[in-house]
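Listing of structure.cif; format and content: mmCIF, C-alpha atoms.
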```cif
data_entry
loop_
_atom_site.group_PDB
_atom_site.id
_atom_site.type_symbol
_atom_site.label_atom_id
_atom_site.label_comp_id
_atom_site.auth_asym_id
_atom_site.auth_seq_id
_atom_site.Cartn_x
_atom_site.Cartn_y
_atom_site.Cartn_z
ATOM 1 C CA SER A 1 62.548 -94.859 -19.421
ATOM 2 C CA ALA A 2 63.639 -91.727 -17.665
ATOM 3 C CA ALA A 3 61.032 -89.042 -16.901
ATOM 4 C CA PRO A 4 61.406 -85.790 -18.844
ATOM 5 C CA PRO A 5 63.109 -83.047 -16.917
ATOM 6 C CA ARG A 6 60.775 -80.624 -15.142
ATOM 7 C CA PRO A 7 61.245 -76.969 -16.318
ATOM 8 C CA ARG A 8 62.935 -74.722 -13.854
ATOM 9 C CA GLY A 9 61.113 -71.608 -12.575
ATOM 10 C CA ARG A 10 58.841 -70.289 -9.847
ATOM 11 C CA ARG A 11 56.242 -72.593 -8.528
ATOM 12 C CA PRO A 12 52.713 -71.323 -9.100
ATOM 13 C CA SER A 13 51.107 -70.038 -5.942
ATOM 14 C CA PRO A 14 47.953 -71.759 -4.856
ATOM 15 C CA VAL A 15 44.733 -69.956 -5.726
ATOM 16 C CA VAL A 16 42.982 -68.765 -2.619
ATOM 17 C CA ALA A 17 39.287 -68.174 -2.868
ATOM 18 C CA SER A 18 38.467 -64.578 -1.970
ATOM 19 C CA THR A 19 35.978 -64.100 0.814
ATOM 20 C CA ARG A 20 35.203 -60.495 -0.280
ATOM 21 C CA PRO A 21 31.827 -60.285 -2.025
ATOM 22 C CA ARG A 22 31.712 -59.238 -5.609
ATOM 23 C CA GLY A 23 31.286 -55.558 -6.332
ATOM 24 C CA SER A 24 33.042 -54.453 -3.159
ATOM 25 C CA SER A 25 36.160 -52.333 -3.211
ATOM 26 C CA SER A 26 38.887 -51.375 -0.819
ATOM 27 C CA PHE A 27 36.915 -48.259 0.122
ATOM 28 C CA SER A 28 33.838 -50.173 1.136
ATOM 29 C CA PRO A 29 34.451 -49.740 4.888
ATOM 30 C CA LEU A 30 34.238 -45.979 4.422
ATOM 31 C CA PHE A 31 30.856 -46.136 2.695
ATOM 32 C CA SER A 32 29.428 -49.240 4.288
ATOM 33 C CA SER A 33 26.165 -48.890 6.091
ATOM 34 C CA SER A 34 25.657 -49.666 9.696
ATOM 35 C CA ALA A 35 23.899 -52.877 8.712
ATOM 36 C CA GLU A 36 27.309 -54.492 8.118
ATOM 37 C CA GLY A 37 28.370 -53.480 11.575
ATOM 38 C CA GLY A 38 25.537 -55.181 13.320
ATOM 39 C CA GLY A 39 22.241 -53.641 12.212
ATOM 40 C CA GLU A 40 20.658 -50.551 10.720
ATOM 41 C CA ALA A 41 21.109 -47.106 12.247
ATOM 42 C CA ALA A 42 18.657 -46.599 15.032
ATOM 43 C CA ALA A 43 16.081 -43.883 14.331
ATOM 44 C CA PRO A 44 15.654 -41.198 16.969
ATOM 45 C CA ALA A 45 13.355 -42.407 19.663
ATOM 46 C CA THR A 46 9.977 -40.711 19.792
ATOM 47 C CA THR A 47 7.121 -40.885 22.207
ATOM 48 C CA SER A 48 4.282 -43.323 21.716
ATOM 49 C CA ASP A 49 1.716 -41.064 23.370
ATOM 50 C CA GLU A 50 -0.888 -40.246 20.739
ATOM 51 C CA LEU A 51 -1.905 -37.008 22.444
ATOM 52 C CA LEU A 52 1.664 -35.712 22.504
ATOM 53 C CA VAL A 53 2.048 -36.557 18.820
ATOM 54 C CA LYS A 54 -1.140 -34.663 17.957
ATOM 55 C CA THR A 55 -0.053 -31.706 20.063
ATOM 56 C CA SER A 56 3.357 -31.644 18.415
ATOM 57 C CA ASN A 57 1.854 -31.715 14.917
ATOM 58 C CA ALA A 58 -0.660 -29.005 15.784
ATOM 59 C CA LEU A 59 2.037 -26.825 17.348
ATOM 60 C CA ARG A 60 4.309 -27.183 14.335
ATOM 61 C CA ARG A 61 1.602 -26.398 11.772
ATOM 62 C CA THR A 62 0.108 -23.551 13.775
ATOM 63 C CA SER A 63 3.508 -21.999 14.403
ATOM 64 C CA TRP A 64 4.438 -22.030 10.724
ATOM 65 C CA LEU A 65 1.070 -20.575 9.664
ATOM 66 C CA SER A 66 1.399 -17.833 12.263
ATOM 67 C CA TRP A 67 5.032 -17.231 11.282
ATOM 68 C CA TRP A 68 4.261 -16.763 7.598
ATOM 69 C CA ALA A 69 1.259 -14.521 8.276
ATOM 70 C CA GLN A 70 3.254 -12.277 10.600
ATOM 71 C CA VAL A 71 6.281 -12.128 8.292
ATOM 72 C CA ILE A 72 4.216 -11.088 5.264
ATOM 73 C CA LEU A 73 2.132 -8.466 7.085
ATOM 74 C CA THR A 74 5.058 -7.040 9.057
ATOM 75 C CA THR A 75 7.254 -6.788 5.967
ATOM 76 C CA ILE A 76 4.548 -4.896 4.085
ATOM 77 C CA SER A 77 4.039 -2.540 7.028
ATOM 78 C CA SER A 78 7.763 -1.894 7.354
ATOM 79 C CA VAL A 79 8.145 -1.062 3.662
ATOM 80 C CA ILE A 80 5.131 1.269 3.731
ATOM 81 C CA LEU A 81 6.224 3.146 6.836
ATOM 82 C CA LEU A 82 9.841 3.466 5.682
ATOM 83 C CA PHE A 83 8.687 4.831 2.353
ATOM 84 C CA ALA A 84 6.298 7.253 4.048
ATOM 85 C CA ARG A 85 8.993 8.326 6.490
ATOM 86 C CA ASN A 86 11.413 9.171 3.680
ATOM 87 C CA ILE A 87 8.766 11.190 1.857
ATOM 88 C CA GLY A 88 7.878 12.926 5.111
ATOM 89 C CA LEU A 89 11.489 13.938 5.693
ATOM 90 C CA GLN A 90 11.659 15.454 2.223
ATOM 91 C CA GLN A 91 8.471 17.413 2.876
ATOM 92 C CA GLN A 92 9.843 18.667 6.189
ATOM 93 C CA GLN A 93 12.944 19.951 4.418
ATOM 94 C CA GLN A 94 10.786 21.789 1.896
ATOM 95 C CA GLN A 95 8.673 23.259 4.688
ATOM 96 C CA LEU A 96 11.832 24.285 6.536
ATOM 97 C CA ILE A 97 12.972 26.216 3.474
ATOM 98 C CA ALA A 98 9.553 27.876 3.233
ATOM 99 C CA GLY A 99 9.645 28.731 6.944
ATOM 100 C CA ALA A 100 6.723 26.494 7.916
ATOM 101 C CA ALA A 101 8.414 23.415 9.352
ATOM 102 C CA ARG A 102 6.457 20.954 11.467
ATOM 103 C CA GLY A 103 7.678 18.572 14.099
ATOM 104 C CA PRO A 104 7.922 14.833 13.546
ATOM 105 C CA SER A 105 4.715 12.849 13.766
ATOM 106 C CA GLY A 106 4.137 10.912 16.958
ATOM 107 C CA GLY A 107 2.277 8.235 15.021
ATOM 108 C CA PHE A 108 5.515 6.990 13.460
ATOM 109 C CA LEU A 109 6.988 6.351 16.901
ATOM 110 C CA PHE A 110 4.094 4.140 18.001
ATOM 111 C CA ALA A 111 3.873 2.450 14.600
ATOM 112 C CA GLY A 112 7.590 1.675 14.674
ATOM 113 C CA SER A 113 7.273 0.259 18.188
ATOM 114 C CA GLY A 114 4.444 -1.985 17.015
ATOM 115 C CA ILE A 115 6.578 -3.280 14.144
ATOM 116 C CA THR A 116 9.459 -3.968 16.524
ATOM 117 C CA LEU A 117 7.192 -6.013 18.791
ATOM 118 C CA SER A 118 5.881 -7.826 15.720
ATOM 119 C CA PHE A 119 9.406 -8.904 14.767
ATOM 120 C CA MET A 120 9.934 -10.131 18.329
ATOM 121 C CA SER A 121 6.731 -12.149 18.040
ATOM 122 C CA ILE A 122 7.998 -13.625 14.766
ATOM 123 C CA LEU A 123 11.168 -14.858 16.472
ATOM 124 C CA TRP A 124 9.182 -16.327 19.351
ATOM 125 C CA THR A 125 6.808 -18.089 16.931
ATOM 126 C CA TRP A 126 9.790 -19.645 15.161
ATOM 127 C CA GLY A 127 10.909 -20.996 18.534
ATOM 128 C CA GLY A 128 7.473 -22.578 18.945
ATOM 129 C CA ALA A 129 8.030 -24.573 15.759
ATOM 130 C CA ARG A 130 11.252 -25.944 17.243
ATOM 131 C CA LEU A 131 9.445 -26.719 20.498
ATOM 132 C CA SER A 132 7.203 -29.163 18.648
ATOM 133 C CA ARG A 133 10.153 -31.539 18.179
ATOM 134 C CA ARG A 134 10.935 -31.428 21.879
ATOM 135 C CA LEU A 135 7.462 -32.733 22.699
ATOM 136 C CA LEU A 136 8.239 -35.964 20.832
ATOM 137 C CA ARG A 137 11.039 -36.962 23.173
ATOM 138 C CA PRO A 138 10.301 -40.057 25.270
ATOM 139 C CA SER A 139 11.337 -38.208 28.427
ATOM 140 C CA THR A 140 8.614 -35.579 27.954
ATOM 141 C CA SER A 141 5.511 -36.242 29.995
ATOM 142 C CA ARG A 142 2.083 -34.781 29.447
ATOM 143 C CA ILE A 143 2.368 -32.384 32.362
ATOM 144 C CA SER A 144 5.764 -31.063 31.276
ATOM 145 C CA ALA A 145 4.537 -30.730 27.694
ATOM 146 C CA GLY A 146 1.512 -28.820 28.919
ATOM 147 C CA ASN A 147 3.726 -26.454 30.904
ATOM 148 C CA LEU A 148 5.993 -25.844 27.896
ATOM 149 C CA VAL A 149 3.089 -25.106 25.554
ATOM 150 C CA ARG A 150 1.413 -22.936 28.184
ATOM 151 C CA ARG A 151 4.582 -20.872 28.597
ATOM 152 C CA ALA A 152 4.909 -20.448 24.825
ATOM 153 C CA ILE A 153 1.299 -19.249 24.637
ATOM 154 C CA LYS A 154 1.711 -16.795 27.515
ATOM 155 C CA VAL A 155 4.827 -15.134 26.126
ATOM 156 C CA GLY A 156 3.458 -15.001 22.588
ATOM 157 C CA ALA A 157 0.125 -13.580 23.743
ATOM 158 C CA ALA A 158 1.887 -10.965 25.878
ATOM 159 C CA LEU A 159 3.976 -9.801 22.908
ATOM 160 C CA ASN A 160 0.963 -9.631 20.610
ATOM 161 C CA MET A 161 -1.266 -7.867 23.147
ATOM 162 C CA THR A 162 1.402 -5.266 23.861
ATOM 163 C CA GLY A 163 2.000 -4.797 20.145
ATOM 164 C CA MET A 164 -1.722 -4.375 19.503
ATOM 165 C CA LEU A 165 -1.964 -1.757 22.248
ATOM 166 C CA VAL A 166 0.974 0.260 20.921
ATOM 167 C CA THR A 167 -0.276 -0.016 17.340
ATOM 168 C CA LEU A 168 -3.768 1.113 18.333
ATOM 169 C CA VAL A 169 -2.336 4.162 20.089
ATOM 170 C CA GLY A 170 -0.358 4.923 16.931
ATOM 171 C CA ALA A 171 -3.527 4.565 14.847
ATOM 172 C CA PHE A 172 -5.345 7.059 17.092
ATOM 173 C CA VAL A 173 -2.476 9.541 16.755
ATOM 174 C CA ILE A 174 -2.338 9.176 12.963
ATOM 175 C CA VAL A 175 -6.101 9.499 12.554
ATOM 176 C CA GLY A 176 -6.085 12.528 14.863
ATOM 177 C CA GLU A 177 -3.448 14.222 12.731
ATOM 178 C CA LEU A 178 -5.461 13.515 9.581
ATOM 179 C CA ALA A 179 -8.584 14.935 11.194
ATOM 180 C CA THR A 180 -6.627 18.054 12.177
ATOM 181 C CA LYS A 181 -5.492 18.482 8.568
ATOM 182 C CA VAL A 182 -9.045 18.185 7.260
ATOM 183 C CA LEU A 183 -10.472 20.632 9.789
ATOM 184 C CA THR A 184 -7.684 23.135 9.255
ATOM 185 C CA SER A 185 -8.020 22.960 5.473
ATOM 186 C CA GLN A 186 -11.730 23.752 5.838
ATOM 187 C CA GLY A 187 -11.027 26.840 7.950
ATOM 188 C CA PHE A 188 -11.845 25.260 11.322
ATOM 189 C CA GLY A 189 -9.234 25.628 13.992
ATOM 190 C CA PRO A 190 -7.628 28.061 16.382
ATOM 191 C CA PHE A 191 -6.046 30.009 13.517
ATOM 192 C CA GLY A 192 -8.754 29.734 10.878
ATOM 193 C CA ALA A 193 -7.882 30.671 7.326
ATOM 194 C CA ALA A 194 -4.874 32.684 8.487
ATOM 195 C CA GLY A 195 -3.349 29.512 9.879
ATOM 196 C CA VAL A 196 -3.803 27.791 6.539
ATOM 197 C CA ALA A 197 -2.068 30.622 4.705
ATOM 198 C CA ALA A 198 0.822 30.616 7.172
ATOM 199 C CA VAL A 199 1.473 26.914 7.157
ATOM 200 C CA GLY A 200 0.645 26.256 3.534
ATOM 201 C CA ALA A 201 -2.330 24.594 1.931
ATOM 202 C CA ALA A 202 -0.281 21.669 0.651
ATOM 203 C CA ALA A 203 0.887 20.780 4.153
ATOM 204 C CA GLN A 204 -2.644 20.901 5.585
ATOM 205 C CA THR A 205 -4.471 18.753 3.050
ATOM 206 C CA VAL A 206 -4.909 14.990 3.286
ATOM 207 C CA GLN A 207 -2.649 13.344 0.746
ATOM 208 C CA PRO A 208 -2.663 9.743 -0.573
ATOM 209 C CA LEU A 209 0.514 9.102 1.416
ATOM 210 C CA ASP A 210 -1.387 9.755 4.667
ATOM 211 C CA VAL A 211 -3.918 7.053 3.783
ATOM 212 C CA LEU A 212 -1.033 4.680 2.986
ATOM 213 C CA ILE A 213 0.364 5.243 6.473
ATOM 214 C CA VAL A 214 -2.966 4.230 7.990
ATOM 215 C CA GLN A 215 -2.964 1.079 5.838
ATOM 216 C CA GLY A 216 0.529 0.126 6.986
ATOM 217 C CA ASN A 217 -0.410 0.659 10.618
ATOM 218 C CA PHE A 218 -3.434 -1.595 10.325
ATOM 219 C CA ASN A 219 -1.310 -4.271 8.630
ATOM 220 C CA THR A 220 0.813 -4.329 11.780
ATOM 221 C CA LEU A 221 -2.344 -4.597 13.850
ATOM 222 C CA LEU A 222 -3.520 -7.555 11.765
ATOM 223 C CA SER A 223 -0.122 -9.216 12.193
ATOM 224 C CA HIS A 224 -0.439 -9.085 15.983
ATOM 225 C CA PHE A 225 -4.017 -10.330 15.786
ATOM 226 C CA SER A 226 -3.009 -13.362 13.699
ATOM 227 C CA GLY A 227 -0.261 -14.239 16.176
ATOM 228 C CA LEU A 228 -2.685 -13.936 19.081
ATOM 229 C CA PHE A 229 -5.336 -16.001 17.288
ATOM 230 C CA PHE A 230 -3.016 -18.924 16.573
ATOM 231 C CA SER A 231 -1.627 -18.799 20.119
ATOM 232 C CA LEU A 232 -5.082 -19.022 21.674
ATOM 233 C CA PHE A 233 -5.932 -21.889 19.331
ATOM 234 C CA LEU A 234 -3.344 -24.039 21.120
ATOM 235 C CA THR A 235 -5.023 -23.652 24.520
ATOM 236 C CA ARG A 236 -7.336 -26.551 23.672
ATOM 237 C CA PHE A 237 -4.342 -28.907 23.648
ATOM 238 C CA VAL A 238 -3.055 -27.524 26.953
ATOM 239 C CA ASP A 239 -6.357 -28.430 28.606
ATOM 240 C CA ARG A 240 -6.011 -31.977 27.302
ATOM 241 C CA LEU A 241 -2.400 -32.409 28.369
ATOM 242 C CA ASP A 242 -2.812 -30.935 31.831
ATOM 243 C CA PRO A 243 -6.532 -30.753 32.603
ATOM 244 C CA PRO A 244 -7.568 -28.626 35.574
ATOM 245 C CA SER A 245 -8.454 -30.381 38.791
ATOM 246 C CA THR A 246 -12.137 -31.084 39.293
ATOM 247 C CA GLU A 247 -11.874 -31.708 43.011
ATOM 248 C CA ASP A 248 -13.404 -29.092 45.272
ATOM 249 C CA ASP A 249 -10.989 -27.229 47.474
ATOM 250 C CA PRO A 250 -11.597 -27.770 51.187
ATOM 251 C CA ARG A 251 -13.231 -24.820 52.862
ATOM 252 C CA ASP A 252 -12.699 -23.780 56.421
#
```

Taking this structure as input, can you express it in the form of structure tokens?
Amino acid sequence: SAAPPRPRGRRPSPVVASTRPRGSSSFSPLFSSSAEGGGEAAAPATTSDELLVKTSNALRRTSWLSWWAQVILTTISSVILLFARNIGLQQQQQQLIAGAARGPSGGFLFAGSGITLSFMSILWTWGGARLSRRLLRPSTSRISAGNLVRRAIKVGAALNMTGMLVTLVGAFVIVGELATKVLTSQGFGPFGAAGVAAVGAAAQTVQPLDVLIVQGNFNTLLSHFSGLFFSLFLTRFVDRLDPPSTEDDPRD
């Protein structure tokens, strides 16, 4: 018997097994990890020296503690002195109207200079926190790390010492002006009671704002002291990284 005729139409295409894993999409190359390309992404190489790792951790923690302490104290000092300066300008205008104007206080100049140096120390301390990551590089040796930390300590200590000196001079000027006010209000001075009447009793008495100025100045002084303290704390690691030579120098 004759075979039944085969229906005309397109021949079915053979099914090809897909080699793409389930759950993958056409965008998988864009989001695929480096493991598909031959392994995981290599982490940044760090040093295996335990002393350098300890020094880096100590430098990072000390720098951030010093940075926060200086930022808080310097900000408080800046707000206090700016507020006192604005009040002082208003008082000078009132004294100018009354015909008893006084010149600007020299203590504000030294106090402002101390705050400026404190902000410079804050920026340098922030750079010390970034330096801690540089110590972890494999190319950094102990001697080079010791030189870098030593340089950071020297510059930071110089800024803080200069700031402390300027702030102390400002404190002496401010305290001297307060002492002059007290003595003049009590009738002691080159002009006696006549000087008090000419200048005005309100301008020659110690006011709460004067004490606030002293407080702001000493906050700046404490900011420089904290920066200096944390800088000197790191010297112990410098001695370990680059210890001084114990050999006696030859004498002639």

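The shortest atom-to-atom distance to Leu221 of chain A, with all atoms listed in the file taken into account, belongs to A:Leu168 out of A:Ile143, A:Leu168, A:Ile72, A:Ala84.
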
Using the file's own x, y and z axes, what box holds all listed atoms of segment 116-122 of chain A with 6 Å on each side, keeping edges along x, y and z, and what are its centre and edge lengths in Å to one decimal, as AutoDock Vina command-line options?
```
--center_x 7.9 --center_y -8.8 --center_z 16.8 --size_x 16.1 --size_y 21.7 --size_z 16.0
```

Answer key for the PyMOL selection byres ((chain A and resi 232) around 12), residues as a PyMOL selection string: chain A and resi 59+62-63+66+149-150+152-158+160-161+225-231+233-239

Among the residues A:Thr167, A:Ser121, A:Thr162, A:Gln70, the one that comes closest to Phe108 of chain A [using only C-alpha atoms]: A:Thr167

Residues within 7 Å of Phe110 of chain A, all atoms listed in the file, excluding chain neighbours under 2 positions, as an MDAnalysis selection string: chainID A and resid 106:108 112:114 166:167 169:170

Long-range neighbours of Ser77 of chain A as a VMD selection string, 9 Å cut-off, all atoms listed in the file, 2 positions minimum in chain: chain A and resid 72 to 75 79 to 82 115 213 215 to 220

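Atom CA of Gln207 of chain A lies 14.0 Å from atom CA of Leu183 of chain A.
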
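Closest approach to His224 of chain A from the set A:Ser185, A:Leu212, A:Leu178, A:Ile122 is made by A:Ile122, with distances taken over all atoms listed in the file.
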
Long-range neighbours of Asp242 of chain A as a PyMOL selection string, 9 Å cut-off, all atoms listed in the file, 5 positions minimum in chain: chain A and resi 142-147+237

Atom CA of Leu241 of chain A to atom CA of Thr125 of chain A, distance in Å rounded to a single decimal: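 Atom-to-atom, atom CA of Leu241 of chain A to atom CA of Thr125 of chain A, that is 20.5 Å.
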
Gap from atom CA of Thr55 of chain A to atom CA of Val71 of chain A - Å, one decimal: 23.7 Å

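Each of A:Thr180, A:Ser78, A:Ser132, A:Thr140 was compared to Lys54 of chain A using only C-alpha atoms, and A:Ser132 turns out to be the nearest.
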
Closest of A:Phe172, A:Thr184, A:Pro243, A:Asn57 to Arg130 of chain A - atom-to-atom distances counting all atoms listed in the file: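 Ranking A:Phe172, A:Thr184, A:Pro243, A:Asn57 by distance to Arg130 of chain A, first place goes to A:Asn57.
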
Since the input has fewer atoms than a full residue there, write segment 222-247 of chain A out with N, CA, C and O atoms, as a compact mmCIF listing (two decimals), in the coordinates of the input.
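The result, stored in part16.txt:
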```txt
# COMPACT_ATOMS: atom_id res chain seq x y z
N LEU A 222 -3.06 -6.23 12.21
CA LEU A 222 -3.52 -7.56 11.76
C LEU A 222 -2.46 -8.62 12.01
O LEU A 222 -2.79 -9.78 12.31
N SER A 223 -1.20 -8.26 11.91
CA SER A 223 -0.12 -9.22 12.19
C SER A 223 -0.16 -9.67 13.65
O SER A 223 -0.04 -10.87 13.95
N HIS A 224 -0.33 -8.72 14.56
CA HIS A 224 -0.44 -9.09 15.98
C HIS A 224 -1.70 -9.90 16.26
O HIS A 224 -1.68 -10.82 17.08
N PHE A 225 -2.78 -9.58 15.58
CA PHE A 225 -4.02 -10.33 15.79
C PHE A 225 -3.87 -11.78 15.32
O PHE A 225 -4.35 -12.70 15.98
N SER A 226 -3.21 -11.99 14.18
CA SER A 226 -3.01 -13.36 13.70
C SER A 226 -2.14 -14.17 14.66
O SER A 226 -2.42 -15.34 14.93
N GLY A 227 -1.09 -13.53 15.20
CA GLY A 227 -0.26 -14.24 16.18
C GLY A 227 -1.03 -14.59 17.43
O GLY A 227 -0.89 -15.69 17.98
N LEU A 228 -1.88 -13.67 17.89
CA LEU A 228 -2.68 -13.94 19.08
C LEU A 228 -3.72 -15.01 18.81
O LEU A 228 -3.99 -15.87 19.67
N PHE A 229 -4.32 -15.01 17.63
CA PHE A 229 -5.34 -16.00 17.29
C PHE A 229 -4.76 -17.41 17.28
O PHE A 229 -5.33 -18.34 17.86
N PHE A 230 -3.61 -17.60 16.64
CA PHE A 230 -3.02 -18.92 16.57
C PHE A 230 -2.50 -19.37 17.94
O PHE A 230 -2.49 -20.57 18.24
N SER A 231 -2.08 -18.43 18.77
CA SER A 231 -1.63 -18.80 20.12
C SER A 231 -2.79 -19.30 20.97
O SER A 231 -2.67 -20.31 21.68
N LEU A 232 -3.92 -18.61 20.90
CA LEU A 232 -5.08 -19.02 21.67
C LEU A 232 -5.68 -20.32 21.15
O LEU A 232 -6.36 -21.04 21.89
N PHE A 233 -5.43 -20.63 19.89
CA PHE A 233 -5.93 -21.89 19.33
C PHE A 233 -5.29 -23.09 20.02
O PHE A 233 -5.90 -24.16 20.12
N LEU A 234 -4.07 -22.92 20.49
CA LEU A 234 -3.34 -24.04 21.12
C LEU A 234 -3.78 -24.30 22.55
O LEU A 234 -3.34 -25.30 23.14
N THR A 235 -4.59 -23.44 23.13
CA THR A 235 -5.02 -23.65 24.52
C THR A 235 -5.86 -24.92 24.67
O THR A 235 -5.90 -25.51 25.75
N ARG A 236 -6.53 -25.33 23.61
CA ARG A 236 -7.34 -26.55 23.67
C ARG A 236 -6.47 -27.78 23.93
O ARG A 236 -6.90 -28.72 24.62
N PHE A 237 -5.24 -27.78 23.41
CA PHE A 237 -4.34 -28.91 23.65
C PHE A 237 -3.73 -28.85 25.05
O PHE A 237 -3.42 -29.89 25.63
N VAL A 238 -3.57 -27.65 25.58
CA VAL A 238 -3.06 -27.52 26.95
C VAL A 238 -4.06 -28.12 27.95
O VAL A 238 -3.68 -28.80 28.90
N ASP A 239 -5.33 -27.87 27.72
CA ASP A 239 -6.36 -28.43 28.61
C ASP A 239 -6.40 -29.94 28.54
O ASP A 239 -6.76 -30.61 29.51
N ARG A 240 -6.04 -30.52 27.41
CA ARG A 240 -6.01 -31.98 27.30
C ARG A 240 -4.76 -32.57 27.95
O ARG A 240 -4.83 -33.64 28.57
N LEU A 241 -3.64 -31.89 27.79
CA LEU A 241 -2.40 -32.41 28.37
C LEU A 241 -2.39 -32.30 29.88
O LEU A 241 -1.99 -33.24 30.58
N ASP A 242 -2.82 -31.18 30.39
CA ASP A 242 -2.81 -30.94 31.83
C ASP A 242 -4.17 -30.38 32.23
O ASP A 242 -4.34 -29.18 32.45
N PRO A 243 -5.18 -31.25 32.30
CA PRO A 243 -6.53 -30.75 32.60
C PRO A 243 -6.61 -30.19 34.01
O PRO A 243 -5.90 -30.65 34.92
N PRO A 244 -7.43 -29.18 34.22
CA PRO A 244 -7.57 -28.63 35.57
C PRO A 244 -8.22 -29.61 36.52
O PRO A 244 -8.99 -30.50 36.12
N SER A 245 -7.90 -29.48 37.78
CA SER A 245 -8.45 -30.38 38.79
C SER A 245 -9.94 -30.11 38.98
O SER A 245 -10.40 -28.97 39.01
N THR A 246 -10.69 -31.20 39.09
CA THR A 246 -12.14 -31.08 39.29
C THR A 246 -12.54 -31.26 40.75
O THR A 246 -13.73 -31.19 41.07
N GLU A 247 -11.57 -31.52 41.61
CA GLU A 247 -11.87 -31.71 43.01
C GLU A 247 -12.11 -30.35 43.67
O GLU A 247 -11.44 -29.37 43.38
```
